[in-house]
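Enquirer: Sharing a structure below in structure tokens format, with a few things to ask.
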Amino acid sequence: MSNPFGNRTSDLLDISGLTVALPLGGRHRTVLSDVSLRVGAGEAVGLVGESGSGKSMTARSIVRLLPAGAHTEGSIRLGGADVAALRGPALRDLRRRVPMVFQDPRAHINPVRTIGDFLTEALRAHSRTPRRAGQERAVRMLEEVGVADGRRRLRQYPHELSGGLLQRVMIAAALLTEPHLLLADEPTTALDVTTQAEVMAILDELRRERGLAMLFITHDLELAAAVCDRTAVMYAGRVMEVRASDLLHQHPLHPYTAALTAARPCLDRRAERLVTTAGRPLSAFEAPDGCPFATRCAHVRQRCHDTRPGLRPLAGGQVACVRAEELHQERAVPHE
Amino acid sequence: MAAYLMRRALMLAATLLVSSFVVFAGLSLAPGNPLATLSGGRSLPPESVAVLVQRYHLNEPFLVQYVTWLGNAVRGDLGVSIILRQDVSDLISSRSGTTIALILYAALIVLVGGVALGLLAALRPGIVDAIVVMSTALVVAVPPFVAAIVLIGVFAVRLRWLPALGNGTGLWEGMRHLTLPALALAAAATAAVARVTRTTVRQEMGREHVQTAISRGLPYPAVVRRHALRNAAVPISTLAGMTVASMIALAAVVERAFSLNGLGAYLVSAALSKDFAVVQGISLVLVTAFVLVNTLVDVGAALLDPRIKLGGRA
């Protein structure tokens, strides 16, 4: 798929050195620190991390949905255009091209407006699509996301639909504006396990059909591996590791990624006790000067505390750990 | 919806029945003998007393009097004024126009002014917000009779912009004469509506679904109108409806202060002269209007918020 913005850069999204500070309790606190990430056209990139690691803030920065008073440094380029420079209609156009699917559809869809209204309002605001034509498109899109009887659904209100249906409606709304990049912020976390799989399958299928790029935010490394080409792992507002999803999942380079993988209970093995990582996840502003994971890392050395490691290329990806090479050798990764 | 409206209509009828009984009973319990009023304090010959007792059903049991009165009232016959010897219905209808116009005018000020001020404060944090918050905090505590005195003093006496007294003839003059009374009646309610609008709109602007609307690239005015204000409409309209209903009673004070020939002013003078048929009639009309407005507000809220259960028990 060619770059839809008709630009020479091959990356659709290019975040570099993004640092964000939010006003909290009277002073600015860093929530993202030097985040760099690329998403190519048609590529799905997973963004994995614990709560508070800065995944959602990264996604919100892309469409400039940060809380008022946020300080931002670094650059975000979408199709070559600097997002920070966009104003008025240009910013609204960016937002239409980069829709967001939120975690909790019940809170994120206006409860007093009909489903039809929700689906068509962006169409009518942007391209002045007539009401009837918009409704026709909405019904077809609902069918694509697996919602039957679209005509009736358009007249219904959000409280009359189940969470799974509502999330499909949200996905349909996101796809209706012919987007280039989909930001999916834990789209299945608030759903039942059975609905989760269905919604995820629909999202994945429609994305592939359309060659649509996606930034998929989740705390589930395995889910990210299943639907994303590459996965980035975040901790304390920093990117710790970026690699092809299957490699990252099976042979993590960063000790934090390894800890995340180990923490997930395995279905086919009986475990006496679930593996946990000691300590609690840190926010960016409370992270120590050196490696933010140093306080919880099993492989920590003195130099981890001294300098903050940046992302370095290694084994087909990037990793921010001073001992990555050593640990990589030690584990004697079988695929190499 | 039909079932809901049916249920509301039944509730309305029941409320009206109870309130009509309270109106009638309240006046029967009030001190003073209707005969004394009728005779004007003179002692009448027994034959005249008998005629009066007969005409006003004074010797019948209380409940019979009530049922007779209610039966007539439903047919539009509210009896005869003791003082003016005219049909109470005619007396009321000739004065109700002024009161209706006054309340509609004031309601318009409350809705337009209150919502506009509240929106302004909600969307412009800082100096604009501070001014609106402080001034509404002051005005919300001003009762209509104080507002009336201040408005007359400033706009009628000092600036001579608007007339202070009387009804005025013709549409334009009528409006001019009603402006100060309507402002006096609306002042506190406008401030209250402004404050509620400010709080609810600001609350809604922080909601997730408003975030969604912004994230979809809707223009800011559309986000405010279609999502924040639309969702704030339920509490705003409930409060506005309640204050408009309370104006029905407060209108009496304002009409007296501005010498308007309306129902409220007439109610006060009728009560002072113990014209009990008129007092009962006007009370019944005012209570009915109050109950009707409240029912309309409830139905309106149900229309505005689909989550309010229409059928079944809440």
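Each chain in the structure tokens gets a letter, A, B, ..., in the order shown, and its residues are numbered from 1; ligands are numbered from 1 in order too.
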Residues at most 6 Å from Pro179 in chain A, counting only C-alpha atoms, excluding those fewer than 2 positions away in the same chain, as a count of residues only?

Expert: 4

Enquirer: Quick check: residues of chain B within 9 Å of chain A, only C-alpha atoms, returned as a PDB file with N, CA and C atoms, in the first residue's frame.

Expert:
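So the final result, stored in result_7.pdb, reads:
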ATOM      1  N   ARG B 207     -16.343  14.258  30.131  1.00  0.00           N
ATOM      2  CA  ARG B 207     -16.770  12.869  29.967  1.00  0.00           C
ATOM      3  C   ARG B 207     -16.043  12.181  28.818  1.00  0.00           C
ATOM      4  N   GLU B 208     -15.990  10.865  28.908  1.00  0.00           N
ATOM      5  CA  GLU B 208     -15.307  10.091  27.871  1.00  0.00           C
ATOM      6  C   GLU B 208     -15.959  10.266  26.501  1.00  0.00           C
ATOM      7  N   HIS B 209     -17.310  10.319  26.480  1.00  0.00           N
ATOM      8  CA  HIS B 209     -17.931  10.376  25.155  1.00  0.00           C
ATOM      9  C   HIS B 209     -17.643  11.706  24.462  1.00  0.00           C
ATOM     10  N   VAL B 210     -17.373  12.756  25.237  1.00  0.00           N
ATOM     11  CA  VAL B 210     -16.977  14.025  24.630  1.00  0.00           C
ATOM     12  C   VAL B 210     -15.549  13.902  24.083  1.00  0.00           C
ATOM     13  N   GLN B 211     -14.696  13.170  24.814  1.00  0.00           N
ATOM     14  CA  GLN B 211     -13.350  12.857  24.308  1.00  0.00           C
ATOM     15  C   GLN B 211     -13.452  12.161  22.954  1.00  0.00           C
ATOM     16  N   THR B 212     -14.382  11.191  22.872  1.00  0.00           N
ATOM     17  CA  THR B 212     -14.579  10.480  21.611  1.00  0.00           C
ATOM     18  C   THR B 212     -14.944  11.459  20.512  1.00  0.00           C
ATOM     19  N   ALA B 213     -15.900  12.340  20.809  1.00  0.00           N
ATOM     20  CA  ALA B 213     -16.361  13.295  19.797  1.00  0.00           C
ATOM     21  C   ALA B 213     -15.193  14.164  19.324  1.00  0.00           C
ATOM     22  N   ILE B 214     -14.362  14.621  20.259  1.00  0.00           N
ATOM     23  CA  ILE B 214     -13.203  15.439  19.869  1.00  0.00           C
ATOM     24  C   ILE B 214     -12.237  14.595  19.046  1.00  0.00           C
ATOM     25  N   SER B 215     -12.026  13.333  19.488  1.00  0.00           N
ATOM     26  CA  SER B 215     -11.061  12.471  18.802  1.00  0.00           C
ATOM     27  C   SER B 215     -11.515  12.134  17.385  1.00  0.00           C
ATOM     28  N   ARG B 216     -12.810  12.316  17.098  1.00  0.00           N
ATOM     29  CA  ARG B 216     -13.282  12.013  15.749  1.00  0.00           C
ATOM     30  C   ARG B 216     -13.190  13.225  14.842  1.00  0.00           C
ATOM     31  N   GLY B 217     -12.673  14.321  15.378  1.00  0.00           N
ATOM     32  CA  GLY B 217     -12.480  15.492  14.537  1.00  0.00           C
ATOM     33  C   GLY B 217     -13.734  16.306  14.315  1.00  0.00           C
ATOM     34  N   LEU B 218     -14.713  16.232  15.220  1.00  0.00           N
ATOM     35  CA  LEU B 218     -15.889  17.098  15.081  1.00  0.00           C
ATOM     36  C   LEU B 218     -15.481  18.526  15.446  1.00  0.00           C
ATOM     37  N   PRO B 219     -16.061  19.506  14.766  1.00  0.00           N
ATOM     38  CA  PRO B 219     -15.748  20.895  15.115  1.00  0.00           C
ATOM     39  C   PRO B 219     -16.186  21.188  16.558  1.00  0.00           C
ATOM     40  N   ALA B 222     -19.791  21.950  17.451  1.00  0.00           N
ATOM     41  CA  ALA B 222     -20.648  20.764  17.347  1.00  0.00           C
ATOM     42  C   ALA B 222     -20.466  19.879  18.578  1.00  0.00           C
ATOM     43  N   ARG B 226     -23.813  19.342  20.444  1.00  0.00           N
ATOM     44  CA  ARG B 226     -24.413  18.019  20.251  1.00  0.00           C
ATOM     45  C   ARG B 226     -24.116  17.067  21.399  1.00  0.00           C
ATOM     46  N   HIS B 227     -23.041  17.308  22.138  1.00  0.00           N
ATOM     47  CA  HIS B 227     -22.692  16.353  23.185  1.00  0.00           C
ATOM     48  C   HIS B 227     -22.753  16.953  24.582  1.00  0.00           C
ATOM     49  N   ARG B 230     -26.220  19.048  24.980  1.00  0.00           N
ATOM     50  CA  ARG B 230     -27.329  18.123  24.801  1.00  0.00           C
ATOM     51  C   ARG B 230     -27.497  17.236  26.035  1.00  0.00           C
ATOM     52  N   ASN B 231     -26.382  16.751  26.575  1.00  0.00           N
ATOM     53  CA  ASN B 231     -26.469  15.869  27.728  1.00  0.00           C
ATOM     54  C   ASN B 231     -26.734  16.637  29.017  1.00  0.00           C
ATOM     55  N   LEU B 304     -35.885  13.796  26.620  1.00  0.00           N
ATOM     56  CA  LEU B 304     -34.489  14.197  26.438  1.00  0.00           C
ATOM     57  C   LEU B 304     -33.523  13.067  26.750  1.00  0.00           C
ATOM     58  N   ASP B 305     -33.870  12.206  27.684  1.00  0.00           N
ATOM     59  CA  ASP B 305     -32.959  11.133  28.071  1.00  0.00           C
ATOM     60  C   ASP B 305     -33.616   9.774  27.865  1.00  0.00           C
ATOM     61  N   PRO B 306     -33.175   9.059  26.823  1.00  0.00           N
ATOM     62  CA  PRO B 306     -33.808   7.773  26.520  1.00  0.00           C
ATOM     63  C   PRO B 306     -33.632   6.746  27.629  1.00  0.00           C
ATOM     64  N   ARG B 307     -32.697   6.994  28.555  1.00  0.00           N
ATOM     65  CA  ARG B 307     -32.473   6.002  29.602  1.00  0.00           C
ATOM     66  C   ARG B 307     -33.531   6.065  30.693  1.00  0.00           C
TER      67      ARG B 307
END

Enquirer: Just checking: using only C-alpha atoms, which residue out of A:Ala232, A:Leu247, A:Ala284, A:Val300 ends up closest to Val319 in chain A?

Expert: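 When distances to Val319 in chain A are compared using only C-alpha atoms, the smallest one comes from A:Ala232.
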
Enquirer: Pick out the closest residue to Leu120 in chain B from this set: B:Val285, B:Ala107, B:Ile149, B:Val132. Count only C-alpha atoms.

Expert: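 Comparing B:Val285, B:Ala107, B:Ile149, B:Val132 against Leu120 in chain B, the winner is B:Val132.
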
Enquirer: Which residue is closest to Gly279 in chain A? Choose from A:Ile62, A:Met200, A:Ile115, A:Ala294 and count only C-alpha atoms.

Expert: A:Ala294

Enquirer: Among range 227-306 of chain A, which residues carry a DSSP assignment of strand (DSSP E), reported as a VMD selection string?

Expert: chain A and resid 230 to 235 238 to 244

Enquirer: Okay, now the selection with N, CA, C and O atoms, as a short mmCIF file (atom, residue, chain, number, x, y, z; two decimals), in the first residue's frame?

Expert:
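In the end it all went to again_16.cif:
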data_model
loop_
_atom_site.label_atom_id
_atom_site.label_comp_id
_atom_site.auth_asym_id
_atom_site.auth_seq_id
_atom_site.Cartn_x
_atom_site.Cartn_y
_atom_site.Cartn_z
N ARG A 230 4.86 -5.98 14.59
CA ARG A 230 5.91 -5.66 15.55
C ARG A 230 5.27 -5.27 16.86
O ARG A 230 4.11 -4.85 16.90
N THR A 231 6.04 -5.42 17.93
CA THR A 231 5.53 -5.03 19.24
C THR A 231 6.56 -4.16 19.95
O THR A 231 7.76 -4.46 19.92
N ALA A 232 6.06 -3.10 20.58
CA ALA A 232 6.92 -2.25 21.40
C ALA A 232 6.51 -2.45 22.85
O ALA A 232 5.33 -2.48 23.16
N VAL A 233 7.49 -2.62 23.73
CA VAL A 233 7.20 -2.79 25.15
C VAL A 233 7.55 -1.50 25.87
O VAL A 233 8.64 -0.96 25.68
N MET A 234 6.60 -1.00 26.65
CA MET A 234 6.84 0.25 27.36
C MET A 234 6.91 0.02 28.86
O MET A 234 6.21 -0.84 29.41
N TYR A 235 7.76 0.79 29.52
CA TYR A 235 7.83 0.74 30.98
C TYR A 235 8.18 2.14 31.47
O TYR A 235 9.10 2.77 30.94
N ARG A 238 8.77 4.84 28.94
CA ARG A 238 9.86 4.66 27.96
C ARG A 238 9.64 3.39 27.16
O ARG A 238 9.03 2.44 27.65
N VAL A 239 10.18 3.39 25.95
CA VAL A 239 10.14 2.17 25.15
C VAL A 239 11.35 1.33 25.53
O VAL A 239 12.48 1.80 25.48
N MET A 240 11.13 0.08 25.97
CA MET A 240 12.22 -0.78 26.41
C MET A 240 12.70 -1.69 25.29
O MET A 240 13.86 -2.05 25.25
N GLU A 241 11.78 -2.08 24.42
CA GLU A 241 12.16 -3.02 23.38
C GLU A 241 11.14 -2.95 22.25
O GLU A 241 9.95 -2.85 22.49
N VAL A 242 11.65 -2.99 21.01
CA VAL A 242 10.77 -3.07 19.85
C VAL A 242 11.30 -4.17 18.95
O VAL A 242 12.47 -4.14 18.57
N ARG A 243 10.44 -5.13 18.63
CA ARG A 243 10.89 -6.21 17.75
C ARG A 243 9.69 -6.85 17.05
O ARG A 243 8.55 -6.61 17.42
N ALA A 244 10.01 -7.68 16.07
CA ALA A 244 8.94 -8.45 15.44
C ALA A 244 8.22 -9.22 16.55
O ALA A 244 8.85 -9.77 17.45
#

Enquirer: Report as a VMD selection string all protein, DNA and RNA residues lying within 12 Å of range 87-92 of chain B, evaluated on only C-alpha atoms, omitting residues in the same chain fewer than 6 positions from it.

Expert: chain B and resid 72 to 81 98 to 100 261 to 267 270 275 to 286

Enquirer: Report the distance between CA of Leu32 in chain A and CA of Cys291 in chain A in Å, rounded to one decimal place.

Expert: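 Answer for the CA of Leu32 in chain A to CA of Cys291 in chain A separation: 14.4 Å.
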
Enquirer: Considering only C-alpha atoms, return as an mmCIF file with N, CA and C atoms, in the first residue's frame whatever protein or nucleic-acid residues lie within 7 Å of Phe216 in chain A, sequence-local ones (same chain, fewer than 5 positions apart) excluded.

Expert:
data_model
loop_
_atom_site.group_PDB
_atom_site.id
_atom_site.type_symbol
_atom_site.label_atom_id
_atom_site.label_comp_id
_atom_site.auth_asym_id
_atom_site.auth_seq_id
_atom_site.Cartn_x
_atom_site.Cartn_y
_atom_site.Cartn_z
ATOM 1 N N VAL A 45 1.301 -2.387 14.786
ATOM 2 C CA VAL A 45 2.317 -2.352 15.831
ATOM 3 C C VAL A 45 1.626 -2.436 17.183
ATOM 4 N N GLY A 46 2.097 -3.352 18.001
ATOM 5 C CA GLY A 46 1.540 -3.487 19.338
ATOM 6 C C GLY A 46 2.282 -2.592 20.311
ATOM 7 N N LEU A 47 1.562 -2.047 21.280
ATOM 8 C CA LEU A 47 2.183 -1.236 22.321
ATOM 9 C C LEU A 47 1.786 -1.887 23.635
ATOM 10 N N LEU A 183 -6.018 3.765 15.931
ATOM 11 C CA LEU A 183 -5.458 3.675 17.272
ATOM 12 C C LEU A 183 -6.433 2.853 18.108
ATOM 13 N N ALA A 184 -6.026 1.669 18.509
ATOM 14 C CA ALA A 184 -6.920 0.808 19.280
ATOM 15 C C ALA A 184 -6.396 0.737 20.709
ATOM 16 N N ASP A 185 -7.108 1.408 21.626
ATOM 17 C CA ASP A 185 -6.648 1.498 23.011
ATOM 18 C C ASP A 185 -7.339 0.426 23.848
#

Enquirer: Please determine, counting only C-alpha atoms, which residue among A:Ala190, A:Ala320, A:Val39, A:Ala59 has the shortest atom-to-atom distance to Tyr256 in chain A.

Expert: A:Ala320

Enquirer: What does the distance from CA of Val297 in chain B to CA of Val244 in chain B come to in Å, to one decimal?

Expert: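 Computing the Euclidean distance for CA of Val297 in chain B and CA of Val244 in chain B yields 10.1 Å.
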
Enquirer: Determine the nearest neighbour of Glu255 in chain B from the options B:Leu185, B:Ala192, B:Leu151, B:Ala271, counting only C-alpha atoms.

Expert: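 Looking only at the distances to Glu255 in chain B, the closest residue turns out to be B:Leu185.
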
Enquirer: Work out how far CA of Pro313 in chain A is from CA of Glu330 in chain A, in Å to one decimal.

Expert: 18.1 Å

Enquirer: Show which residues sit within 9 Å of Thr238 in chain B, as a list in words. Count only C-alpha atoms, and ignore same-chain residues fewer than 2 positions away.

Expert: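 My reading of the contact set: Ala233, Val234, Pro235, Ile236, Ala240, Gly241, Met242, Thr243, Asn294, Val297, Asp298, Gly300 and Ala301 of chain B.
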
Enquirer: Would you write out those residues with N, CA, C and O atoms, as a short mmCIF file (atom, residue, chain, number, x, y, z; two decimals), in the first residue's frame?

Expert:
data_model
loop_
_atom_site.label_atom_id
_atom_site.label_comp_id
_atom_site.auth_asym_id
_atom_site.auth_seq_id
_atom_site.Cartn_x
_atom_site.Cartn_y
_atom_site.Cartn_z
N ALA B 233 -28.76 19.00 29.09
CA ALA B 233 -30.12 19.54 28.95
C ALA B 233 -31.09 18.97 29.97
O ALA B 233 -32.03 19.65 30.38
N VAL B 234 -30.87 17.73 30.42
CA VAL B 234 -31.83 17.14 31.36
C VAL B 234 -31.82 17.87 32.70
O VAL B 234 -32.86 18.38 33.13
N PRO B 235 -30.66 18.01 33.38
CA PRO B 235 -30.69 18.78 34.63
C PRO B 235 -31.06 20.25 34.42
O PRO B 235 -31.77 20.81 35.24
N ILE B 236 -30.62 20.84 33.31
CA ILE B 236 -30.93 22.26 33.08
C ILE B 236 -32.44 22.44 32.93
O ILE B 236 -33.04 23.31 33.56
N ALA B 240 -34.95 24.56 35.25
CA ALA B 240 -35.67 25.67 34.64
C ALA B 240 -37.17 25.47 34.80
O ALA B 240 -37.90 26.41 35.13
N GLY B 241 -37.64 24.24 34.59
CA GLY B 241 -39.06 23.95 34.73
C GLY B 241 -39.55 24.21 36.14
O GLY B 241 -40.62 24.81 36.36
N MET B 242 -38.76 23.77 37.11
CA MET B 242 -39.15 23.98 38.51
C MET B 242 -39.22 25.45 38.84
O MET B 242 -40.14 25.91 39.52
N THR B 243 -38.23 26.22 38.35
CA THR B 243 -38.24 27.65 38.68
C THR B 243 -39.39 28.36 37.98
O THR B 243 -40.01 29.25 38.55
N ASN B 294 -45.05 21.14 35.95
CA ASN B 294 -44.18 20.08 36.47
C ASN B 294 -44.32 18.79 35.68
O ASN B 294 -43.34 18.10 35.42
N VAL B 297 -42.44 19.15 32.51
CA VAL B 297 -41.00 19.02 32.73
C VAL B 297 -40.60 17.54 32.80
O VAL B 297 -39.62 17.11 32.20
N ASP B 298 -41.40 16.76 33.51
CA ASP B 298 -41.11 15.32 33.63
C ASP B 298 -41.17 14.64 32.27
O ASP B 298 -40.29 13.84 31.92
N GLY B 300 -40.81 16.07 29.43
CA GLY B 300 -39.68 16.60 28.67
C GLY B 300 -38.39 15.88 28.99
O GLY B 300 -37.62 15.52 28.10
N ALA B 301 -38.16 15.63 30.29
CA ALA B 301 -36.94 14.93 30.70
C ALA B 301 -36.91 13.52 30.12
O ALA B 301 -35.86 13.04 29.68
#

Enquirer: I want to know what sits within 12 Å of Val227 in chain A, based on only C-alpha atoms, with residues of the same chain fewer than 5 positions away left out; could you give that as a list in words?

Expert: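 Returned residues: Glu43, Ala44, Val45, Gly46, Leu47, Ala184, Ala197, Met200, Ala201, Ile202, Leu203, Asp204, Glu205, Leu206, Arg207, Arg208, Ala213, Met214, Leu215, Phe216, Ile217, Thr218, Asp220, Leu221, Glu222, Ala244, Ser245 and Asp246 of chain A.
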
Enquirer: Tell me, as a list in words, which residues lie within 8 Å of range 114-117 of chain B, counting only C-alpha atoms; anything in the same chain fewer than 3 positions away does not count.

Expert: Ile109, Val110, Leu111, Leu120, Ala121, Val132, Ala189, Thr190, Ala191, Ala192, Val193, Ala194, Arg195, Thr197 and Arg198 of chain B

Enquirer: Now that the selection is made, can you save its residues with all heavy atoms as a short mmCIF file (atom, residue, chain, number, x, y, z; two decimals), in the first residue's frame?

Expert:
data_model
loop_
_atom_site.label_atom_id
_atom_site.label_comp_id
_atom_site.auth_asym_id
_atom_site.auth_seq_id
_atom_site.Cartn_x
_atom_site.Cartn_y
_atom_site.Cartn_z
N ILE B 109 -36.31 34.64 29.54
CA ILE B 109 -35.09 35.23 30.09
C ILE B 109 -34.28 34.18 30.84
O ILE B 109 -33.07 34.07 30.69
CB ILE B 109 -35.43 36.42 31.02
CG1 ILE B 109 -36.07 37.55 30.20
CG2 ILE B 109 -34.18 36.92 31.74
CD1 ILE B 109 -36.59 38.69 31.06
N VAL B 110 -34.98 33.37 31.64
CA VAL B 110 -34.30 32.34 32.44
C VAL B 110 -33.57 31.37 31.52
O VAL B 110 -32.38 31.07 31.73
CB VAL B 110 -35.31 31.59 33.33
CG1 VAL B 110 -34.65 30.35 33.94
CG2 VAL B 110 -35.83 32.50 34.42
N LEU B 111 -34.26 30.88 30.50
CA LEU B 111 -33.65 29.85 29.63
C LEU B 111 -32.51 30.43 28.80
O LEU B 111 -31.40 29.90 28.81
CB LEU B 111 -34.72 29.26 28.72
CG LEU B 111 -35.46 28.06 29.30
CD1 LEU B 111 -36.50 27.56 28.33
CD2 LEU B 111 -34.48 26.95 29.64
N LEU B 120 -21.00 30.27 28.79
CA LEU B 120 -19.86 31.18 28.75
C LEU B 120 -18.89 30.86 29.88
O LEU B 120 -17.67 30.73 29.68
CB LEU B 120 -20.38 32.61 28.88
CG LEU B 120 -19.49 33.73 28.39
CD1 LEU B 120 -19.32 33.62 26.89
CD2 LEU B 120 -20.09 35.08 28.75
N ALA B 121 -19.43 30.69 31.08
CA ALA B 121 -18.59 30.41 32.24
C ALA B 121 -17.92 29.04 32.12
O ALA B 121 -16.76 28.87 32.47
CB ALA B 121 -19.41 30.49 33.52
N VAL B 132 -18.90 35.53 36.16
CA VAL B 132 -20.22 34.90 36.13
C VAL B 132 -20.50 34.22 37.48
O VAL B 132 -21.60 34.36 38.05
CB VAL B 132 -20.32 33.87 34.98
CG1 VAL B 132 -21.61 33.07 35.09
CG2 VAL B 132 -20.25 34.57 33.64
N ALA B 189 -33.76 33.07 39.31
CA ALA B 189 -33.85 31.81 38.58
C ALA B 189 -32.80 31.75 37.48
O ALA B 189 -32.20 30.69 37.23
CB ALA B 189 -35.25 31.65 38.00
N THR B 190 -32.57 32.89 36.81
CA THR B 190 -31.55 32.93 35.75
C THR B 190 -30.18 32.59 36.33
O THR B 190 -29.42 31.80 35.76
CB THR B 190 -31.50 34.32 35.10
OG1 THR B 190 -32.81 34.66 34.67
CG2 THR B 190 -30.54 34.35 33.93
N ALA B 191 -29.89 33.19 37.49
CA ALA B 191 -28.61 32.91 38.13
C ALA B 191 -28.49 31.43 38.49
O ALA B 191 -27.44 30.81 38.27
CB ALA B 191 -28.46 33.78 39.38
N ALA B 192 -29.57 30.85 39.00
CA ALA B 192 -29.54 29.43 39.38
C ALA B 192 -29.31 28.56 38.15
O ALA B 192 -28.47 27.65 38.16
CB ALA B 192 -30.84 29.04 40.07
N VAL B 193 -30.04 28.87 37.06
CA VAL B 193 -29.88 28.08 35.83
C VAL B 193 -28.46 28.24 35.27
O VAL B 193 -27.85 27.28 34.81
CB VAL B 193 -30.95 28.47 34.79
CG1 VAL B 193 -30.62 27.89 33.42
CG2 VAL B 193 -32.31 27.98 35.24
N ALA B 194 -27.93 29.47 35.35
CA ALA B 194 -26.57 29.70 34.86
C ALA B 194 -25.57 28.83 35.63
O ALA B 194 -24.67 28.23 35.05
CB ALA B 194 -26.20 31.17 35.00
N ARG B 195 -25.75 28.76 36.94
CA ARG B 195 -24.80 27.98 37.75
C ARG B 195 -24.90 26.49 37.44
O ARG B 195 -23.88 25.80 37.32
CB ARG B 195 -25.05 28.24 39.24
CG ARG B 195 -24.69 29.66 39.64
CD ARG B 195 -24.95 29.91 41.11
NE ARG B 195 -23.92 29.33 41.95
CZ ARG B 195 -22.81 29.98 42.29
NH1 ARG B 195 -22.59 31.20 41.85
NH2 ARG B 195 -21.91 29.41 43.06
N THR B 197 -26.00 25.18 34.64
CA THR B 197 -25.49 24.99 33.28
C THR B 197 -23.97 24.92 33.30
O THR B 197 -23.36 24.04 32.70
CB THR B 197 -25.93 26.14 32.37
OG1 THR B 197 -27.35 26.24 32.41
CG2 THR B 197 -25.48 25.90 30.94
N ARG B 198 -23.35 25.86 34.02
CA ARG B 198 -21.88 25.89 34.10
C ARG B 198 -21.35 24.56 34.63
O ARG B 198 -20.47 23.94 34.02
CB ARG B 198 -21.46 27.03 35.02
CG ARG B 198 -19.98 27.03 35.34
CD ARG B 198 -19.64 28.14 36.33
NE ARG B 198 -18.25 28.06 36.73
CZ ARG B 198 -17.82 27.35 37.77
NH1 ARG B 198 -18.68 26.66 38.50
NH2 ARG B 198 -16.55 27.32 38.06
#
